[in-house]
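Listing of data.pdb; format and content: PDB, C-alpha atoms.
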ATOM      1  CA  MET D1371     -20.331  25.351   1.673  1.00  0.00           C
ATOM      2  CA  LYS D1372     -22.406  22.222   2.022  1.00  0.00           C
ATOM      3  CA  SER D1373     -21.611  19.822   4.877  1.00  0.00           C
ATOM      4  CA  ARG D1374     -21.566  16.073   4.238  1.00  0.00           C
ATOM      5  CA  ALA D1375     -22.933  13.889   7.052  1.00  0.00           C
ATOM      6  CA  TYR D1376     -21.709  10.345   7.561  1.00  0.00           C
ATOM      7  CA  SER D1377     -22.380   7.647  10.125  1.00  0.00           C
ATOM      8  CA  ALA D1378     -20.937   7.822  13.619  1.00  0.00           C
ATOM      9  CA  HIS D1379     -19.443   4.369  13.045  1.00  0.00           C
ATOM     10  CA  THR D1380     -17.410   5.609  10.066  1.00  0.00           C
ATOM     11  CA  LEU D1381     -16.168   8.724  11.855  1.00  0.00           C
ATOM     12  CA  SER D1382     -15.254   6.863  15.039  1.00  0.00           C
ATOM     13  CA  ALA D1383     -13.292   4.327  13.005  1.00  0.00           C
ATOM     14  CA  LEU D1384     -11.279   7.130  11.433  1.00  0.00           C
ATOM     15  CA  VAL D1385     -10.547   8.669  14.827  1.00  0.00           C
ATOM     16  CA  LEU D1386      -9.447   5.289  16.164  1.00  0.00           C
ATOM     17  CA  LEU D1387      -7.096   4.751  13.245  1.00  0.00           C
ATOM     18  CA  ALA D1388      -5.526   8.182  13.502  1.00  0.00           C
ATOM     19  CA  SER D1389      -4.892   7.926  17.231  1.00  0.00           C
ATOM     20  CA  LEU D1390      -2.823   4.729  16.916  1.00  0.00           C
ATOM     21  CA  ILE D1391      -4.136   3.296  20.176  1.00  0.00           C
ATOM     22  CA  PRO D1392      -2.135   0.237  21.322  1.00  0.00           C
ATOM     23  CA  LEU D1393      -4.111  -2.977  21.131  1.00  0.00           C
ATOM     24  CA  ALA D1394      -3.079  -6.145  22.907  1.00  0.00           C
ATOM     25  CA  SER D1395      -5.045  -8.682  20.898  1.00  0.00           C
ATOM     26  CA  CYS D1396      -5.032  -9.683  17.251  1.00  0.00           C
ATOM     27  CA  ARG D1397      -6.739  -7.147  14.980  1.00  0.00           C
ATOM     28  CA  THR D1398      -8.456  -7.709  11.683  1.00  0.00           C
ATOM     29  CA  ALA D1399      -9.627  -5.396   8.936  1.00  0.00           C
ATOM     30  CA  PRO D1400     -10.880  -5.917   5.380  1.00  0.00           C
ATOM     31  CA  PRO D1401      -8.222  -5.271   2.711  1.00  0.00           C
ATOM     32  CA  ALA D1402      -7.950  -1.674   1.512  1.00  0.00           C
ATOM     33  CA  ARG D1403      -8.722  -1.520  -2.216  1.00  0.00           C
ATOM     34  CA  PRO D1404      -8.372   1.878  -3.916  1.00  0.00           C
ATOM     35  CA  ASP D1405     -10.254   0.605  -6.986  1.00  0.00           C
ATOM     36  CA  THR D1406     -13.456   0.581  -4.912  1.00  0.00           C
ATOM     37  CA  ALA D1407     -15.603   3.563  -3.908  1.00  0.00           C
ATOM     38  CA  PRO D1408     -14.249   5.329  -0.807  1.00  0.00           C
ATOM     39  CA  SER D1409     -16.105   6.680   2.192  1.00  0.00           C
ATOM     40  CA  VAL D1410     -15.781  10.455   2.389  1.00  0.00           C
ATOM     41  CA  ALA D1411     -16.340  12.909   5.238  1.00  0.00           C
ATOM     42  CA  ILE D1412     -16.005  16.679   4.754  1.00  0.00           C
ATOM     43  CA  ASP D1413     -16.347  19.077   7.666  1.00  0.00           C
ATOM     44  CA  GLY D1414     -18.553  21.909   6.469  1.00  0.00           C
ATOM     45  CA  SER D1415     -16.914  24.533   8.697  1.00  0.00           C
ATOM     46  CA  THR D1416     -13.208  23.688   8.344  1.00  0.00           C
ATOM     47  CA  MET D1417     -13.420  21.811   5.001  1.00  0.00           C
ATOM     48  CA  TYR D1418     -11.143  19.142   6.439  1.00  0.00           C
ATOM     49  CA  CYS D1419     -11.659  15.963   4.449  1.00  0.00           C
ATOM     50  CA  THR D1420     -11.060  12.261   5.109  1.00  0.00           C
ATOM     51  CA  ILE D1421     -11.150   9.698   2.299  1.00  0.00           C
ATOM     52  CA  SER D1422     -11.208   6.113   3.484  1.00  0.00           C
ATOM     53  CA  TRP D1423     -11.073   2.690   1.843  1.00  0.00           C
ATOM     54  CA  GLY D1424     -11.875  -0.483   3.774  1.00  0.00           C
ATOM     55  CA  LYS D1425     -14.763  -0.862   6.223  1.00  0.00           C
ATOM     56  CA  ARG D1426     -12.574   0.162   9.162  1.00  0.00           C
ATOM     57  CA  GLY D1427     -10.607   2.896   7.452  1.00  0.00           C
ATOM     58  CA  ALA D1428      -7.665   0.623   6.681  1.00  0.00           C
ATOM     59  CA  TYR D1429      -6.391   3.113   4.090  1.00  0.00           C
ATOM     60  CA  THR D1430      -7.240   6.739   4.800  1.00  0.00           C
ATOM     61  CA  LEU D1431      -6.068   9.941   3.150  1.00  0.00           C
ATOM     62  CA  SER D1432      -6.882  13.271   4.745  1.00  0.00           C
ATOM     63  CA  GLY D1433      -6.352  16.930   3.969  1.00  0.00           C
ATOM     64  CA  GLN D1434      -7.927  20.254   3.138  1.00  0.00           C
ATOM     65  CA  ALA D1435     -10.783  20.298   0.627  1.00  0.00           C
ATOM     66  CA  GLU D1436     -11.770  23.072  -1.759  1.00  0.00           C
ATOM     67  CA  GLN D1437     -15.174  22.831  -3.390  1.00  0.00           C
ATOM     68  CA  LEU D1438     -14.988  23.145  -7.167  1.00  0.00           C
ATOM     69  CA  ASP D1439     -18.705  22.772  -7.848  1.00  0.00           C
ATOM     70  CA  GLY D1440     -21.709  21.119  -6.247  1.00  0.00           C
ATOM     71  CA  SER D1441     -20.334  17.597  -6.490  1.00  0.00           C
ATOM     72  CA  SER D1442     -16.545  17.809  -6.795  1.00  0.00           C
ATOM     73  CA  TYR D1443     -13.660  18.870  -4.580  1.00  0.00           C
ATOM     74  CA  SER D1444      -9.935  19.358  -4.844  1.00  0.00           C
ATOM     75  CA  VAL D1445      -8.209  17.880  -1.775  1.00  0.00           C
ATOM     76  CA  THR D1446      -4.694  18.946  -0.775  1.00  0.00           C
ATOM     77  CA  LEU D1447      -3.384  15.899   1.051  1.00  0.00           C
ATOM     78  CA  GLU D1448      -1.744  16.108   4.467  1.00  0.00           C
ATOM     79  CA  ARG D1449      -1.680  12.581   5.879  1.00  0.00           C
ATOM     80  CA  LEU D1450      -1.875   8.879   5.148  1.00  0.00           C
ATOM     81  CA  ASP D1451      -3.217   6.564   7.866  1.00  0.00           C
ATOM     82  CA  TRP D1452      -2.594   2.888   7.192  1.00  0.00           C
ATOM     83  CA  PHE D1453      -3.580  -0.373   8.832  1.00  0.00           C
ATOM     84  CA  ASN D1454      -3.228  -3.938   7.632  1.00  0.00           C
ATOM     85  CA  ASN D1455      -2.936  -7.335   9.239  1.00  0.00           C
ATOM     86  CA  TRP D1456      -1.452 -10.661   8.236  1.00  0.00           C
ATOM     87  CA  GLN D1457      -1.205 -14.132   9.741  1.00  0.00           C
ATOM     88  CA  ASP D1458       1.302 -13.271  12.479  1.00  0.00           C
ATOM     89  CA  GLY D1459       0.525  -9.640  13.229  1.00  0.00           C
ATOM     90  CA  TRP D1460      -0.446  -6.190  12.019  1.00  0.00           C
ATOM     91  CA  THR D1461       0.980  -2.815  11.022  1.00  0.00           C
ATOM     92  CA  GLU D1462      -0.448   0.613  11.796  1.00  0.00           C
ATOM     93  CA  ALA D1463       1.144   3.875  10.686  1.00  0.00           C
ATOM     94  CA  SER D1464       0.530   7.574  10.168  1.00  0.00           C
ATOM     95  CA  VAL D1465       2.570   9.339   7.474  1.00  0.00           C
ATOM     96  CA  PRO D1466       2.645  13.037   6.488  1.00  0.00           C
ATOM     97  CA  LEU D1467       1.815  13.316   2.813  1.00  0.00           C
ATOM     98  CA  GLU D1468       1.869  15.830  -0.018  1.00  0.00           C
ATOM     99  CA  GLY D1469      -0.245  15.574  -3.133  1.00  0.00           C
ATOM    100  CA  LYS D1470      -3.651  16.454  -4.487  1.00  0.00           C
ATOM    101  CA  LEU D1471      -6.772  14.462  -5.365  1.00  0.00           C
ATOM    102  CA  LEU D1472      -9.976  15.222  -7.229  1.00  0.00           C
ATOM    103  CA  LEU D1473     -13.078  13.961  -5.423  1.00  0.00           C
ATOM    104  CA  SER D1474     -16.315  13.590  -7.354  1.00  0.00           C
ATOM    105  CA  GLU D1475     -19.731  12.388  -6.224  1.00  0.00           C
ATOM    106  CA  ALA D1476     -22.450  10.927  -8.418  1.00  0.00           C
ATOM    107  CA  GLY D1477     -25.480   8.960  -7.331  1.00  0.00           C
ATOM    108  CA  GLY D1478     -24.298   8.822  -3.738  1.00  0.00           C
ATOM    109  CA  SER D1479     -20.972   7.219  -4.677  1.00  0.00           C
ATOM    110  CA  TRP D1480     -17.552   8.882  -4.604  1.00  0.00           C
ATOM    111  CA  THR D1481     -14.583   8.526  -6.918  1.00  0.00           C
ATOM    112  CA  ALA D1482     -11.060   9.786  -6.224  1.00  0.00           C
ATOM    113  CA  SER D1483      -8.520  10.525  -8.944  1.00  0.00           C
ATOM    114  CA  LYS D1484      -4.991  11.866  -8.801  1.00  0.00           C
ATOM    115  CA  ILE D1485      -4.200  15.488  -9.624  1.00  0.00           C
ATOM    116  CA  GLU D1486      -0.706  15.517  -8.095  1.00  0.00           C
ATOM    117  CA  LYS D1487       1.079  12.307  -7.093  1.00  0.00           C
ATOM    118  CA  PRO D1488       0.996  11.626  -3.342  1.00  0.00           C
ATOM    119  CA  VAL D1489       4.517  11.782  -1.893  1.00  0.00           C
ATOM    120  CA  PRO D1490       5.037  10.566   1.685  1.00  0.00           C
ATOM    121  CA  ALA D1491       7.446  12.087   4.191  1.00  0.00           C
ATOM    122  CA  ARG D1492       8.932  10.286   7.189  1.00  0.00           C
ATOM    123  CA  THR D1493       6.450   8.225   9.197  1.00  0.00           C
ATOM    124  CA  SER D1494       5.275  10.215  12.214  1.00  0.00           C
ATOM    125  CA  ALA D1495       3.857   7.321  14.266  1.00  0.00           C
ATOM    126  CA  ALA D1496       3.688   3.554  13.893  1.00  0.00           C
ATOM    127  CA  GLN D1497       3.057   0.281  15.673  1.00  0.00           C
ATOM    128  CA  ILE D1498       3.957  -3.158  14.379  1.00  0.00           C
ATOM    129  CA  ARG D1499       2.886  -6.376  16.013  1.00  0.00           C
ATOM    130  CA  HIS D1500       4.653  -9.644  15.164  1.00  0.00           C
ATOM    131  CA  ARG D1501       3.257 -12.556  17.140  1.00  0.00           C
ATOM    132  CA  ASN D1502       3.633 -11.534  20.803  1.00  0.00           C
ATOM    133  CA  THR D1503       5.929  -8.555  20.212  1.00  0.00           C
ATOM    134  CA  ILE D1504       4.709  -4.997  19.636  1.00  0.00           C
ATOM    135  CA  LEU D1505       7.179  -2.453  18.249  1.00  0.00           C
ATOM    136  CA  GLU D1506       6.524   1.261  18.703  1.00  0.00           C
ATOM    137  CA  GLY D1507       8.195   4.650  18.398  1.00  0.00           C
ATOM    138  CA  ASN D1508      11.185   5.249  16.145  1.00  0.00           C
ATOM    139  CA  GLN D1509      11.874   1.546  15.697  1.00  0.00           C
ATOM    140  CA  ALA D1510       8.442   0.881  14.223  1.00  0.00           C
ATOM    141  CA  ALA D1511       8.492   4.102  12.183  1.00  0.00           C
ATOM    142  CA  ASP D1512      11.892   3.240  10.697  1.00  0.00           C
ATOM    143  CA  LEU D1513      10.735  -0.256   9.748  1.00  0.00           C
ATOM    144  CA  PHE D1514       7.613   1.090   8.067  1.00  0.00           C
ATOM    145  CA  ASP D1515       9.613   3.791   6.256  1.00  0.00           C
ATOM    146  CA  ARG D1516      11.964   1.178   4.824  1.00  0.00           C
ATOM    147  CA  ARG D1517       9.062  -1.014   3.751  1.00  0.00           C
ATOM    148  CA  LEU D1518       7.257   1.891   2.119  1.00  0.00           C
ATOM    149  CA  GLU D1519      10.456   2.878   0.296  1.00  0.00           C
ATOM    150  CA  ARG D1520      10.849  -0.645  -1.124  1.00  0.00           C
ATOM    151  CA  VAL D1521       7.181  -0.835  -2.060  1.00  0.00           C
ATOM    152  CA  ARG D1522       7.240   2.553  -3.795  1.00  0.00           C
ATOM    153  CA  ALA D1523      10.400   1.665  -5.723  1.00  0.00           C
ATOM    154  CA  THR D1524       8.797  -1.576  -6.895  1.00  0.00           C
ATOM    155  CA  ALA D1525       5.538   0.139  -7.836  1.00  0.00           C
ATOM    156  CA  ALA D1526       7.384   2.853  -9.767  1.00  0.00           C
ATOM    157  CA  TRP D1527       9.218   0.209 -11.791  1.00  0.00           C
ATOM    158  CA  LEU D1528       6.029  -1.723 -12.557  1.00  0.00           C
ATOM    159  CA  ALA D1529       4.281   1.497 -13.588  1.00  0.00           C
ATOM    160  CA  SER D1530       7.135   2.307 -15.976  1.00  0.00           C
ATOM    161  CA  GLU D1531       6.785  -1.024 -17.808  1.00  0.00           C
ATOM    162  CA  SER D1532       4.556  -0.641 -20.866  1.00  0.00           C
ATOM    163  CA  SER D1533       3.780  -4.364 -20.844  1.00  0.00           C
ATOM    164  CA  PHE D1534       2.403  -4.157 -17.307  1.00  0.00           C
ATOM    165  CA  SER D1535      -1.073  -2.619 -17.451  1.00  0.00           C
ATOM    166  CA  PRO D1536      -3.578  -4.289 -15.107  1.00  0.00           C
ATOM    167  CA  ALA D1537      -7.170  -3.142 -15.424  1.00  0.00           C
ATOM    168  CA  ASP D1538      -7.948  -3.379 -11.703  1.00  0.00           C
ATOM    169  CA  GLY D1539      -6.686  -4.621  -8.366  1.00  0.00           C
ATOM    170  CA  ASN D1540      -7.364  -8.284  -9.096  1.00  0.00           C
ATOM    171  CA  GLN D1541      -5.284  -8.150 -12.264  1.00  0.00           C
ATOM    172  CA  PHE D1542      -2.573  -6.207 -10.460  1.00  0.00           C
ATOM    173  CA  PHE D1543      -2.156  -8.838  -7.747  1.00  0.00           C
ATOM    174  CA  ALA D1544      -2.157 -11.687 -10.267  1.00  0.00           C
ATOM    175  CA  ARG D1545       0.296 -10.089 -12.700  1.00  0.00           C
ATOM    176  CA  ALA D1546       2.598  -8.472 -10.155  1.00  0.00           C
ATOM    177  CA  GLY D1547       2.735 -11.759  -8.253  1.00  0.00           C
ATOM    178  CA  LYS D1548       4.081 -13.499 -11.347  1.00  0.00           C
ATOM    179  CA  VAL D1549       6.544 -10.757 -12.272  1.00  0.00           C
ATOM    180  CA  LEU D1550       7.969 -10.337  -8.779  1.00  0.00           C
ATOM    181  CA  PHE D1551       7.718 -13.885  -7.422  1.00  0.00           C
ATOM    182  CA  PRO D1552       7.477 -16.426 -10.253  1.00  0.00           C
ATOM    183  CA  GLU D1553       8.889 -19.152  -8.005  1.00  0.00           C
ATOM    184  CA  GLN D1554       5.583 -19.008  -6.104  1.00  0.00           C
ATOM    185  CA  ASN D1555       3.109 -17.850  -8.762  1.00  0.00           C
ATOM    186  CA  GLY D1556       4.409 -19.196 -12.069  1.00  0.00           C
ATOM    187  CA  TYR D1557       6.773 -17.559 -14.528  1.00  0.00           C
ATOM    188  CA  PRO D1558       5.559 -14.769 -16.817  1.00  0.00           C
ATOM    189  CA  GLU D1559       5.287 -15.715 -20.460  1.00  0.00           C
ATOM    190  CA  GLY D1560       8.690 -15.972 -22.110  1.00  0.00           C
ATOM    191  CA  THR D1561      10.719 -16.150 -18.887  1.00  0.00           C
ATOM    192  CA  GLY D1562      10.280 -19.780 -17.824  1.00  0.00           C
ATOM    193  CA  GLN D1563      13.551 -20.786 -19.465  1.00  0.00           C
ATOM    194  CA  SER D1564      15.400 -18.892 -16.730  1.00  0.00           C
ATOM    195  CA  ALA D1565      14.474 -21.680 -14.294  1.00  0.00           C
ATOM    196  CA  VAL D1566      16.470 -24.261 -16.284  1.00  0.00           C
ATOM    197  CA  ASN D1567      19.892 -24.822 -14.686  1.00  0.00           C
ATOM    198  CA  ALA D1568      19.340 -21.637 -12.689  1.00  0.00           C
ATOM    199  CA  GLU D1569      21.261 -20.475  -9.656  1.00  0.00           C
ATOM    200  CA  PHE D1570      19.044 -20.167  -6.595  1.00  0.00           C
ATOM    201  CA  LYS D1571      19.514 -18.280  -3.338  1.00  0.00           C
ATOM    202  CA  ALA D1572      17.717 -18.985  -0.062  1.00  0.00           C
ATOM    203  CA  GLY D1573      15.897 -16.177   1.724  1.00  0.00           C
ATOM    204  CA  GLU D1574      12.955 -15.982   4.139  1.00  0.00           C
ATOM    205  CA  GLY D1575      12.471 -19.745   3.905  1.00  0.00           C
ATOM    206  CA  MET D1576      12.207 -19.685   0.097  1.00  0.00           C
ATOM    207  CA  LYS D1577      14.561 -20.252  -2.835  1.00  0.00           C
ATOM    208  CA  TRP D1578      14.879 -17.386  -5.301  1.00  0.00           C
ATOM    209  CA  ASN D1579      15.951 -17.779  -8.920  1.00  0.00           C
ATOM    210  CA  ARG D1580      18.915 -15.430  -9.268  1.00  0.00           C
ATOM    211  CA  THR D1581      19.080 -16.048 -13.011  1.00  0.00           C
ATOM    212  CA  TYR D1582      15.522 -14.734 -13.390  1.00  0.00           C
ATOM    213  CA  THR D1583      16.363 -11.808 -11.120  1.00  0.00           C
ATOM    214  CA  GLU D1584      19.314 -10.750 -13.267  1.00  0.00           C
ATOM    215  CA  GLN D1585      17.329 -11.097 -16.485  1.00  0.00           C
ATOM    216  CA  SER D1586      14.011  -9.571 -15.439  1.00  0.00           C
ATOM    217  CA  ILE D1587      14.360  -7.385 -12.323  1.00  0.00           C
ATOM    218  CA  PRO D1588      16.039  -3.943 -12.288  1.00  0.00           C
ATOM    219  CA  GLU D1589      19.324  -3.751 -10.444  1.00  0.00           C
ATOM    220  CA  HIS D1590      18.083  -1.621  -7.547  1.00  0.00           C
ATOM    221  CA  LEU D1591      15.493  -4.285  -6.613  1.00  0.00           C
ATOM    222  CA  ARG D1592      17.566  -7.431  -7.073  1.00  0.00           C
ATOM    223  CA  GLU D1593      19.028  -7.702  -3.594  1.00  0.00           C
ATOM    224  CA  VAL D1594      15.701  -7.195  -1.800  1.00  0.00           C
ATOM    225  CA  ARG D1595      14.059  -9.788  -4.060  1.00  0.00           C
ATOM    226  CA  ASP D1596      16.788 -12.418  -3.716  1.00  0.00           C
ATOM    227  CA  SER D1597      16.956 -11.958   0.056  1.00  0.00           C
ATOM    228  CA  GLY D1598      13.219 -12.624   0.387  1.00  0.00           C
ATOM    229  CA  THR D1599      12.642  -9.177   1.903  1.00  0.00           C
ATOM    230  CA  LEU D1600      10.363  -8.114  -0.937  1.00  0.00           C
ATOM    231  CA  TRP D1601       8.409 -11.355  -0.577  1.00  0.00           C
ATOM    232  CA  ARG D1602       7.808 -10.599   3.099  1.00  0.00           C
ATOM    233  CA  ASP D1603       6.655  -7.088   2.139  1.00  0.00           C
ATOM    234  CA  TRP D1604       4.231  -8.626  -0.357  1.00  0.00           C
ATOM    235  CA  GLU D1605       2.927 -11.291   2.005  1.00  0.00           C
ATOM    236  CA  GLU D1606       2.312  -8.810   4.800  1.00  0.00           C
ATOM    237  CA  SER D1607       1.235  -5.677   2.878  1.00  0.00           C
ATOM    238  CA  ARG D1608       0.386  -6.497  -0.725  1.00  0.00           C
ATOM    239  CA  GLU D1609      -2.402  -3.900  -0.814  1.00  0.00           C
ATOM    240  CA  LEU D1610       0.252  -1.262  -0.157  1.00  0.00           C
ATOM    241  CA  PHE D1611       1.943  -2.250  -3.439  1.00  0.00           C
ATOM    242  CA  TYR D1612      -1.279  -1.610  -5.337  1.00  0.00           C
ATOM    243  CA  ILE D1613      -1.856   1.713  -3.606  1.00  0.00           C
ATOM    244  CA  ALA D1614       1.676   2.848  -4.466  1.00  0.00           C
ATOM    245  CA  TYR D1615       1.112   1.683  -8.044  1.00  0.00           C
ATOM    246  CA  THR D1616      -2.052   3.786  -8.357  1.00  0.00           C
ATOM    247  CA  TRP D1617      -0.071   6.787  -7.116  1.00  0.00           C
ATOM    248  CA  GLU D1618       2.416   6.296  -9.948  1.00  0.00           C
ATOM    249  CA  LYS D1619      -0.073   5.791 -12.797  1.00  0.00           C
TER     250      LYS D1619
END

Represent the structure of the file as structure tokens.
Amino acid sequence: MKSRAYSAHTLSALVLLASLIPLASCRTAPPARPDTAPSVAIDGSTMYCTISWGKRGAYTLSGQAEQLDGSSYSVTLERLDWFNNWQDGWTEASVPLEGKLLLSEAGGSWTASKIEKPVPARTSAAQIRHRNTILEGNQAADLFDRRLERVRATAAWLASESSFSPADGNQFFARAGKVLFPEQNGYPEGTGQSAVNAEFKAGEGMKWNRTYTEQSIPEHLREVRDSGTLWRDWEESRELFYIAYTWEK
């Protein structure tokens, strides 16, 4: 088997992410965008593979690779490592994962496509910083699990809607923002009438149009939308919504 060599900077970033080292200061990382080319490292002796998006490995999938031909691999996924930051803090998590990807290389650039949908298990390790408080252990893992569950449920619904078909990440964020949070991003075409004489509910410092929710949002997502919980998920981890959406499509 042929070994792929990558920069020490890339590999050290992956090790840092996986180890979940506590950091006392504010951290930053470029957004993880799965519609861009990933960085890939494959160990030639063990065939262990890491697939990373974002300059600091903000979104990393890892697992066992099997070479199909000279430029493509099947990767049986074992773990998701995730990091993102927002205005008041950051989230870092490691999640066992099942699924399978096809990796292909052409012209020095990699593409990753789904063979079997990635399905996460319970978060194995997490840290969440909010302002001056850092949560760790089971508390942080439980919070991330609940967020990931809400995000995946939302992504699955969006993926099931035939009228929702963004071409890339930019379109996803624009269209999903309108569908999920029209009070902030403008109402989708044909739904603006729901704002007339509507009943609103306060949540997370915002007012949510319950009439729109009942008309346009599936029942299992209504409470988390009208409470503002889904808005907080979006504001703090919107890239995670897009990643979950790509898993569903």

Which one of D:Ile1613, D:Val1521, D:Val1410, D:Ile1587 sits closest to D:Pro1552 if you count only C-alpha atoms?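 Distance minimum relative to D:Pro1552 lands on D:Ile1587.
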
When you look at D:Pro1408 with a cut-off of 10 Å (counting all atoms listed in the file), what residues show up, excluding the ones that are within fewer than 2 positions of it in the same chain? I need them as a compact mmCIF listing (two decimals) with C-alpha atoms, in the frame of the given file.
# COMPACT_ATOMS: atom_id res chain seq x y z
CA ALA D 1402 -7.95 -1.67 1.51
CA ARG D 1403 -8.72 -1.52 -2.22
CA PRO D 1404 -8.37 1.88 -3.92
CA ASP D 1405 -10.25 0.60 -6.99
CA THR D 1406 -13.46 0.58 -4.91
CA VAL D 1410 -15.78 10.46 2.39
CA ALA D 1411 -16.34 12.91 5.24
CA THR D 1420 -11.06 12.26 5.11
CA ILE D 1421 -11.15 9.70 2.30
CA SER D 1422 -11.21 6.11 3.48
CA TRP D 1423 -11.07 2.69 1.84
CA GLY D 1424 -11.88 -0.48 3.77
CA LYS D 1425 -14.76 -0.86 6.22
CA GLY D 1427 -10.61 2.90 7.45
CA TYR D 1429 -6.39 3.11 4.09
CA THR D 1430 -7.24 6.74 4.80
CA LEU D 1473 -13.08 13.96 -5.42
CA SER D 1479 -20.97 7.22 -4.68
CA TRP D 1480 -17.55 8.88 -4.60
CA THR D 1481 -14.58 8.53 -6.92
CA ALA D 1482 -11.06 9.79 -6.22

Taking all atoms listed in the file into account, which of D:Thr1416, D:Thr1616, D:Gln1554, D:Ser1597 comes nearest D:Ala1529? D:Thr1616

Residues within 10 Å of D:Ala1526, all atoms listed in the file, excluding chain neighbours under 4 positions, as a PyMOL selection string: chain D and resi 1520-1522+1530-1531+1611+1614-1619

Å distance separating atom CA of D:Lys1470 from atom CA of D:Asp1439, one decimal place: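 Distance reported for this atom pair: 16.7 Å.
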
Applying the PyMOL selection byres ((chain D and resi 1549) around 12) to the file I just gave you, which residues come out? Please list them as JSON, numbers by chain. {"D": [1524, 1525, 1527, 1528, 1531, 1533, 1534, 1542, 1543, 1544, 1545, 1546, 1547, 1548, 1550, 1551, 1552, 1553, 1554, 1555, 1556, 1557, 1558, 1559, 1560, 1561, 1562, 1582, 1583, 1585, 1586, 1587, 1588, 1595, 1601]}

Please evaluate the PyMOL selection byres ((chain D and resi 1443-1446) around 10) against the structure above and give the resulting residues as a PDB file with C-alpha atoms, in the coordinates of the input.
ATOM      1  CA  ILE D1412     -16.005  16.679   4.754  1.00  0.00           C
ATOM      2  CA  MET D1417     -13.420  21.811   5.001  1.00  0.00           C
ATOM      3  CA  TYR D1418     -11.143  19.142   6.439  1.00  0.00           C
ATOM      4  CA  CYS D1419     -11.659  15.963   4.449  1.00  0.00           C
ATOM      5  CA  THR D1420     -11.060  12.261   5.109  1.00  0.00           C
ATOM      6  CA  ILE D1421     -11.150   9.698   2.299  1.00  0.00           C
ATOM      7  CA  LEU D1431      -6.068   9.941   3.150  1.00  0.00           C
ATOM      8  CA  SER D1432      -6.882  13.271   4.745  1.00  0.00           C
ATOM      9  CA  GLY D1433      -6.352  16.930   3.969  1.00  0.00           C
ATOM     10  CA  GLN D1434      -7.927  20.254   3.138  1.00  0.00           C
ATOM     11  CA  ALA D1435     -10.783  20.298   0.627  1.00  0.00           C
ATOM     12  CA  GLU D1436     -11.770  23.072  -1.759  1.00  0.00           C
ATOM     13  CA  GLN D1437     -15.174  22.831  -3.390  1.00  0.00           C
ATOM     14  CA  LEU D1438     -14.988  23.145  -7.167  1.00  0.00           C
ATOM     15  CA  ASP D1439     -18.705  22.772  -7.848  1.00  0.00           C
ATOM     16  CA  GLY D1440     -21.709  21.119  -6.247  1.00  0.00           C
ATOM     17  CA  SER D1441     -20.334  17.597  -6.490  1.00  0.00           C
ATOM     18  CA  SER D1442     -16.545  17.809  -6.795  1.00  0.00           C
ATOM     19  CA  LEU D1447      -3.384  15.899   1.051  1.00  0.00           C
ATOM     20  CA  GLU D1448      -1.744  16.108   4.467  1.00  0.00           C
ATOM     21  CA  ARG D1449      -1.680  12.581   5.879  1.00  0.00           C
ATOM     22  CA  LEU D1467       1.815  13.316   2.813  1.00  0.00           C
ATOM     23  CA  GLU D1468       1.869  15.830  -0.018  1.00  0.00           C
ATOM     24  CA  GLY D1469      -0.245  15.574  -3.133  1.00  0.00           C
ATOM     25  CA  LYS D1470      -3.651  16.454  -4.487  1.00  0.00           C
ATOM     26  CA  LEU D1471      -6.772  14.462  -5.365  1.00  0.00           C
ATOM     27  CA  LEU D1472      -9.976  15.222  -7.229  1.00  0.00           C
ATOM     28  CA  LEU D1473     -13.078  13.961  -5.423  1.00  0.00           C
ATOM     29  CA  SER D1474     -16.315  13.590  -7.354  1.00  0.00           C
ATOM     30  CA  GLU D1475     -19.731  12.388  -6.224  1.00  0.00           C
ATOM     31  CA  ALA D1482     -11.060   9.786  -6.224  1.00  0.00           C
ATOM     32  CA  SER D1483      -8.520  10.525  -8.944  1.00  0.00           C
ATOM     33  CA  LYS D1484      -4.991  11.866  -8.801  1.00  0.00           C
ATOM     34  CA  ILE D1485      -4.200  15.488  -9.624  1.00  0.00           C
ATOM     35  CA  GLU D1486      -0.706  15.517  -8.095  1.00  0.00           C
ATOM     36  CA  PRO D1488       0.996  11.626  -3.342  1.00  0.00           C
TER      37      PRO D1488
END

Gap from atom CA of D:Val1566 to atom CA of D:Asp1596 - Å, one decimal: 17.3 Å

Result set, the PyMOL selection byres ((chain D and resi 1459-1466) around 6) on current file, as a PyMOL selection string: chain D and resi 1448-1458+1467+1490-1491+1493-1501

Selection above as a file: C-alpha atoms, as an mmCIF file, keeping the file's coordinate frame:
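Once written, again33.cif looks like this:
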data_model
loop_
_atom_site.group_PDB
_atom_site.id
_atom_site.type_symbol
_atom_site.label_atom_id
_atom_site.label_comp_id
_atom_site.auth_asym_id
_atom_site.auth_seq_id
_atom_site.Cartn_x
_atom_site.Cartn_y
_atom_site.Cartn_z
ATOM 1 C CA GLU D 1448 -1.744 16.108 4.467
ATOM 2 C CA ARG D 1449 -1.680 12.581 5.879
ATOM 3 C CA LEU D 1450 -1.875 8.879 5.148
ATOM 4 C CA ASP D 1451 -3.217 6.564 7.866
ATOM 5 C CA TRP D 1452 -2.594 2.888 7.192
ATOM 6 C CA PHE D 1453 -3.580 -0.373 8.832
ATOM 7 C CA ASN D 1454 -3.228 -3.938 7.632
ATOM 8 C CA ASN D 1455 -2.936 -7.335 9.239
ATOM 9 C CA TRP D 1456 -1.452 -10.661 8.236
ATOM 10 C CA GLN D 1457 -1.205 -14.132 9.741
ATOM 11 C CA ASP D 1458 1.302 -13.271 12.479
ATOM 12 C CA LEU D 1467 1.815 13.316 2.813
ATOM 13 C CA PRO D 1490 5.037 10.566 1.685
ATOM 14 C CA ALA D 1491 7.446 12.087 4.191
ATOM 15 C CA THR D 1493 6.450 8.225 9.197
ATOM 16 C CA SER D 1494 5.275 10.215 12.214
ATOM 17 C CA ALA D 1495 3.857 7.321 14.266
ATOM 18 C CA ALA D 1496 3.688 3.554 13.893
ATOM 19 C CA GLN D 1497 3.057 0.281 15.673
ATOM 20 C CA ILE D 1498 3.957 -3.158 14.379
ATOM 21 C CA ARG D 1499 2.886 -6.376 16.013
ATOM 22 C CA HIS D 1500 4.653 -9.644 15.164
ATOM 23 C CA ARG D 1501 3.257 -12.556 17.140
#
